[in-house]
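Trainee: Let me begin by handing over the structure; questions about it come next.
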Amino acid sequence: MSASAGTSSSATGLPGEIANLWSRILLDAVTRRASDIHFNGLAEGVLLRYRVNGMLHDIETLAAGTGRRLIQHLKAVSGMNLIERRRPQDGRVLIAVGEGEVDLRLATIHTLWGENLAIRVFDKRSPLRCLKDLGLHAEGYQLLYDLIHSPQGLFLVTGPTGAGKTTSLYAILNQINRPEINIITVEDPVEHDIPRVNQIGVQPEIGIGFNECLRSSFRQDPDVLMIGEIRDTEGAWIAIRAALSGHLVLSTLHTGSAAEAITALINLGTEPFYLASALIGVMAQQLIRTLCTHCRYEVPFEVSPEQLDPAFRAEFLKMGELGKPLRYYFGQGCDQCFRSGYRDRTGLFEILRVTPAVRKLILQKAPAGEIDQAAKDEGMIGLRTLGIRLVIQGKTTVEEVLRVVPVPEEEMAGVGL
């Protein structure tokens, strides 16, 4: 199936016109670099929305009949049951777009106004990233490089859904992939084909889940084991045992900071002694929007302590920026950025190395705040500090940093810049 420009949303609903309407929508979404396409049922029709740079944007409202037929068409091409409209369903399809392919993951759910359809878009034309392409700060790059070249241990990448954790794992695999080591991955699903890497896609529909694949992987003589996600206590214990038995284990968790990943594993029921022995590091990441270069404009002013809330004041003091002229920028909003003022995103990467001091806190089941402070005392650069660096460089705004890395209410005192 090829995506190409087709008819408008006034299509009459005939199969060919519905297919053309979908081709137009998909081509438009890929051109705008949307990560997700949503079809949401409303009383008056079906609302089409794109998620671009992490934010949803309303695109148009399709006529109710046209929207329902389009959803049925997409269910058909992705292998879903067309008769079933009340139970949630998942599907997947590869579609040619231009000279490449996009991998679509579809999911339906029944709502008050009928079925909603959400589509995650993976553009297979995007090249596999290298470690240097992730956008790590200099200190972080060297620390990450050292950690992933450890002979054994558990290394975690953590962050919210859509923060690019899988992209980072693939970049790490690309960095360490060499003929003399055997790399095995367990993924749901496999997103990129990497030469020489043995990639296993889970198949829960036939009883082959993450943990079953992990147990089987040990018999394949791996040097490096990549687990797409640690989801439960059993998976956490398998990862820890693998790390303690001489393997480098890479995996992901859904937490907001590096320190919170440690407490999350303890809360899953892992024994602190074994976790402290196995874990070598955690990288927390967030994606932050960068200002649109087409409509960005400068607002010069002097930075004074009174203009900053306490969290930002401390970071600016560390950088020696208080009292200096700051080249501060805003995005006015234009056709290139959905009138948002932001276009594209970059990563913030907080890397925690498990030092003796951190290991001691793990054994004590210390709260995440204490672990975080100990890591920062030993040189870890926090997510908010990295965001402020981007503000100073004129790449984003304080408002965007606070959206991505909010300051806890108890720390807030006044308005920031």
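Ligands are numbered from 1 in the order shown, residues from 1 within each chain, and chains are lettered A, B, ... in the order they appear in the structure tokens.
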Skip Lys124 of chain A itself and residues of its chain fewer than 5 positions away, then list as a PyMOL selection string all residues within 9 Å of it, counting only C-alpha atoms.
Mentor: chain A and resi 100-103+191-192
Trainee: Report as CSV: every residue of segment 136-220 of chain A with an atom at most 10 Å from segment 365-386 of chain A, its closest pair of atoms, and their distance in Å to one decimal, counting only C-alpha atoms, with rows sorted by chain and ascending residue number.
Mentor:
```
residue,atom,partner,partner_atom,distance
A:Leu136,CA,A:Leu386,CA,9.9
A:His137,CA,A:Leu386,CA,8.3
A:Glu139,CA,A:Ile381,CA,8.8
A:Gly140,CA,A:Ile381,CA,8.3
A:Leu143,CA,A:Met380,CA,9.9
```
Trainee: Tell me which of A:Cys295, A:Val197, A:Met283, A:Leu154 sits closest to His247 of chain A, counting only C-alpha atoms.
Mentor: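 Looking at the shortest contact to His247 of chain A, the residue is A:Leu154.
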Trainee: Ranking A:Leu361, A:Ile262, A:Ile25, A:Val186 by minimum distance to Phe210 of chain A and counting only C-alpha atoms, which one comes first?
Mentor: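 Among A:Leu361, A:Ile262, A:Ile25, A:Val186, it is A:Val186 that comes nearest to Phe210 of chain A.
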Trainee: Interatomic distance between atom CA of Ile183 of chain A and atom CA of Ser216 of chain A?
Mentor: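 One can read the atom CA of Ile183 of chain A to atom CA of Ser216 of chain A distance as 13.8 Å.
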Trainee: Of the residues A:Ala259, A:Val358, A:Leu112, A:Val202, which is the one nearest to Val190 of chain A, using only C-alpha atoms?
Mentor: A:Val202
Trainee: Mind the document's chain letters and residue numbers, and return as a ChimeraX atom specification the residues of segment 2-238 of chain A that DSSP labels strand (DSSP E or B).
Mentor: /A:2-3,36-42,45-52,55-62,89-97,100-111,114-123,153-158,183-187,198-201,203,208,224-227
